[in-house]
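**Q** Input: one structure, supplied below.
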Amino acid sequence: MEGKQTDNRNKLAILGKSLPDPCYKYLQNFLTWVTGKSYSGQKALFISSKNYELTTAIASLLGGVTVSATIFHSSFLLFPLLPISWIVTVGGARKILTCIIHRCVHRQFWGNKSDRILAEILSTLIFVQGFDSYRHDHVKCHHHADKFATFEGDPDAKFMLVLGFYPGLKDERN
């Protein structure tokens with residue numbers, strides 16, 4: 001699948017070839033940002049750090065909540081903007097859980113005991129399982145060799161199978 005995604009992104013690299021060089025570069029940088037994939041040979045737009053990811057996730061969560069509260073307490077004419085602020089809020093919360101807390105329970109965020117403290121603070125902030133419970137469910141059960149990716153023992157795999165996503169199927173869309 002990785003090769004197919006790269007091939008598709010390389011096809012997009014052709015777009016805008018007739019544009020002046022600075023315009024082409026901005027177009028390709030935008031496409032890389034939107035797709036999350038660079039084309040072959042493209043330089044990284046920027047190198048993010050774990051602290052950058054943590055900061056942007058918290059800023060997204062708190063910024064979305066702040067904007068939502070501001071809209072809610074202002075003119076009803078701004079209410080159509082609420083879904084946008086909710087998307088930003090949920091995006092921040094998901095990034096906190098799926099990236100930051102997930103790394104913390106694997107002890108791979110900062111790689112020390114601070115991972116536990118950070119996970120506890122963030123899980124309290126977004127109202128999800130605490131460190132011990134999440135670590136037990138995720139590391140001890142989810143990644144356990146005899147349960148990983150099984151219908152009975154892996155809730156993520158079960159969810160994907162119920163939706164009709166089976167391992168080894170070809171992507172017939174392209």
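We name chains A, B, ... following the order of the structure tokens; residues begin at 1 in each chain, and ligands are numbered from 1 as shown.
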With DSSP run on the backbone, what are the alpha helix (DSSP H) residues within segment 7-174 of chain A? I'd like them as a PyMOL selection string.
**A** chain A and resi 7-12+21-35+50-72+82-95+102-105+114-125+131-135+155-162
**Q** Skipping near chain neighbours, those fewer than 2 positions away, what residues fall within 12 Å of segment 44-49 of chain A using only C-alpha atoms, listed as a JSON list (two decimals) with N, CA, C and O atoms, in the first residue's frame?
**A**
[["chain", "number", "residue", "atom", "x", "y", "z"],
["A", 25, "LYS", "N", 6.33, 25.27, -6.53],
["A", 25, "LYS", "CA", 6.82, 24.82, -5.23],
["A", 25, "LYS", "C", 5.75, 24.98, -4.15],
["A", 25, "LYS", "O", 5.53, 24.07, -3.35],
["A", 26, "TYR", "N", 5.04, 26.12, -4.14],
["A", 26, "TYR", "CA", 3.98, 26.33, -3.15],
["A", 26, "TYR", "C", 2.84, 25.35, -3.36],
["A", 26, "TYR", "O", 2.28, 24.82, -2.39],
["A", 28, "GLN", "N", 3.02, 22.31, -4.66],
["A", 28, "GLN", "CA", 3.46, 20.99, -4.23],
["A", 28, "GLN", "C", 3.57, 20.90, -2.70],
["A", 28, "GLN", "O", 3.24, 19.88, -2.10],
["A", 29, "ASN", "N", 4.02, 21.97, -2.06],
["A", 29, "ASN", "CA", 4.06, 21.98, -0.60],
["A", 29, "ASN", "C", 2.66, 21.87, -0.02],
["A", 29, "ASN", "O", 2.43, 21.16, 0.96],
["A", 30, "PHE", "N", 1.71, 22.56, -0.65],
["A", 30, "PHE", "CA", 0.32, 22.48, -0.20],
["A", 30, "PHE", "C", -0.21, 21.06, -0.37],
["A", 30, "PHE", "O", -0.85, 20.51, 0.53],
["A", 31, "LEU", "N", 0.06, 20.44, -1.52],
["A", 31, "LEU", "CA", -0.40, 19.08, -1.76],
["A", 31, "LEU", "C", 0.23, 18.09, -0.78],
["A", 31, "LEU", "O", -0.42, 17.15, -0.32],
["A", 32, "THR", "N", 1.48, 18.31, -0.44],
["A", 32, "THR", "CA", 2.14, 17.46, 0.55],
["A", 32, "THR", "C", 1.49, 17.63, 1.91],
["A", 32, "THR", "O", 1.24, 16.67, 2.62],
["A", 33, "TRP", "N", 1.17, 18.86, 2.26],
["A", 33, "TRP", "CA", 0.52, 19.13, 3.55],
["A", 33, "TRP", "C", -0.86, 18.48, 3.59],
["A", 33, "TRP", "O", -1.22, 17.85, 4.58],
["A", 36, "GLY", "N", -0.35, 14.48, 3.24],
["A", 36, "GLY", "CA", 0.52, 13.86, 4.23],
["A", 36, "GLY", "C", 1.62, 13.02, 3.60],
["A", 36, "GLY", "O", 2.29, 12.27, 4.29],
["A", 37, "LYS", "N", 1.79, 13.11, 2.30],
["A", 37, "LYS", "CA", 2.82, 12.36, 1.58],
["A", 37, "LYS", "C", 3.62, 13.30, 0.71],
["A", 37, "LYS", "O", 3.07, 14.13, 0.02],
["A", 38, "SER", "N", 4.92, 13.15, 0.74],
["A", 38, "SER", "CA", 5.76, 13.93, -0.17],
["A", 38, "SER", "C", 5.95, 13.13, -1.46],
["A", 38, "SER", "O", 5.74, 11.93, -1.49],
["A", 39, "TYR", "N", 6.31, 13.82, -2.51],
["A", 39, "TYR", "CA", 6.63, 13.10, -3.74],
["A", 39, "TYR", "C", 8.09, 12.69, -3.67],
["A", 39, "TYR", "O", 8.87, 13.20, -2.86],
["A", 40, "SER", "N", 8.49, 11.75, -4.51],
["A", 40, "SER", "CA", 9.86, 11.23, -4.48],
["A", 40, "SER", "C", 10.87, 12.35, -4.66],
["A", 40, "SER", "O", 10.78, 13.13, -5.61],
["A", 41, "GLY", "N", 11.79, 12.44, -3.72],
["A", 41, "GLY", "CA", 12.85, 13.43, -3.80],
["A", 41, "GLY", "C", 12.51, 14.78, -3.18],
["A", 41, "GLY", "O", 13.36, 15.66, -3.12],
["A", 42, "GLN", "N", 11.29, 14.98, -2.73],
["A", 42, "GLN", "CA", 10.91, 16.26, -2.13],
["A", 42, "GLN", "C", 11.54, 16.39, -0.74],
["A", 42, "GLN", "O", 11.55, 15.45, 0.04],
["A", 51, "ASN", "N", 7.73, 17.47, 21.27],
["A", 51, "ASN", "CA", 7.21, 18.63, 22.00],
["A", 51, "ASN", "C", 6.33, 19.50, 21.11],
["A", 51, "ASN", "O", 5.33, 20.06, 21.56],
["A", 52, "TYR", "N", 6.67, 19.60, 19.83],
["A", 52, "TYR", "CA", 5.84, 20.33, 18.88],
["A", 52, "TYR", "C", 4.49, 19.64, 18.74],
["A", 52, "TYR", "O", 3.43, 20.30, 18.75],
["A", 53, "GLU", "N", 4.49, 18.32, 18.61],
["A", 53, "GLU", "CA", 3.25, 17.55, 18.50],
["A", 53, "GLU", "C", 2.39, 17.73, 19.75],
["A", 53, "GLU", "O", 1.18, 17.90, 19.65],
["A", 54, "LEU", "N", 3.01, 17.69, 20.91],
["A", 54, "LEU", "CA", 2.28, 17.88, 22.17],
["A", 54, "LEU", "C", 1.68, 19.28, 22.23],
["A", 54, "LEU", "O", 0.50, 19.45, 22.55],
["A", 55, "THR", "N", 2.46, 20.28, 21.88],
["A", 55, "THR", "CA", 1.99, 21.67, 21.92],
["A", 55, "THR", "C", 0.84, 21.90, 20.95],
["A", 55, "THR", "O", -0.17, 22.52, 21.31],
["A", 56, "THR", "N", 0.96, 21.41, 19.74],
["A", 56, "THR", "CA", -0.11, 21.63, 18.76],
["A", 56, "THR", "C", -1.38, 20.86, 19.12],
["A", 56, "THR", "O", -2.49, 21.36, 18.89],
["A", 100, "ILE", "N", 0.00, 11.04, 21.56],
["A", 100, "ILE", "CA", 0.76, 11.38, 22.76],
["A", 100, "ILE", "C", 0.60, 10.31, 23.85],
["A", 100, "ILE", "O", 1.59, 9.72, 24.30],
["A", 109, "PHE", "N", 7.55, 8.40, 24.68],
["A", 109, "PHE", "CA", 7.41, 9.82, 24.40],
["A", 109, "PHE", "C", 8.69, 10.53, 24.81],
["A", 109, "PHE", "O", 9.46, 10.98, 23.98],
["A", 110, "TRP", "N", 8.92, 10.64, 26.10],
["A", 110, "TRP", "CA", 10.19, 11.18, 26.57],
["A", 110, "TRP", "C", 11.12, 10.06, 27.00],
["A", 110, "TRP", "O", 12.31, 10.27, 27.20]]
**Q** Quick one: distance from atom CA of Arg107 of chain A to atom CA of Lys95 of chain A in Å, one decimal?
**A**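 Pair atom CA of Arg107 of chain A / atom CA of Lys95 of chain A returns 16.9 Å.
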**Q** Using Å and a single decimal, report how far atom CA of Val90 of chain A sits from atom CA of Cys104 of chain A.
**A**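 Going from atom CA of Cys104 of chain A over to atom CA of Val90 of chain A covers 19.8 Å.
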**Q** Just the number, please: distance in Å from atom CA of Ala157 of chain A to atom CA of Phe127 of chain A, one decimal.
**A**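 Rounded to one decimal, the two atoms are 23.9 Å apart.
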**Q** Compile the contact shell of Ile101 of chain A as a list in words: residues with an atom at most 10 Å away, counting only C-alpha atoms, same-chain residues fewer than 6 positions apart removed.
**A**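 Listing them by chain and then by number gives Leu54, Arg94, Lys95, Arg107, Gln108, Phe109, Asp115, Arg116, Leu118, Ala119, Glu120, Ile121, Leu122, Ser123, Gly130, Phe131, Tyr134 and Arg135 of chain A.
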**Q** Which neighbours of Leu62 of chain A fall inside 12 Å, counting only C-alpha atoms, when residues of the same chain fewer than 5 positions from it are skipped, and could you give them as an NGL selection string?
**A** :A and (55-57 or 67-69 or 85-86 or 88-93 or 96 or 122 or 125-126)
**Q** Using only C-alpha atoms, can you tell me which of A:Pro22, A:Phe72, A:Ile58, A:Lys140 comes closest to Val105 of chain A?
**A**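 Of the candidates, the smallest distance to Val105 of chain A is held by A:Lys140.
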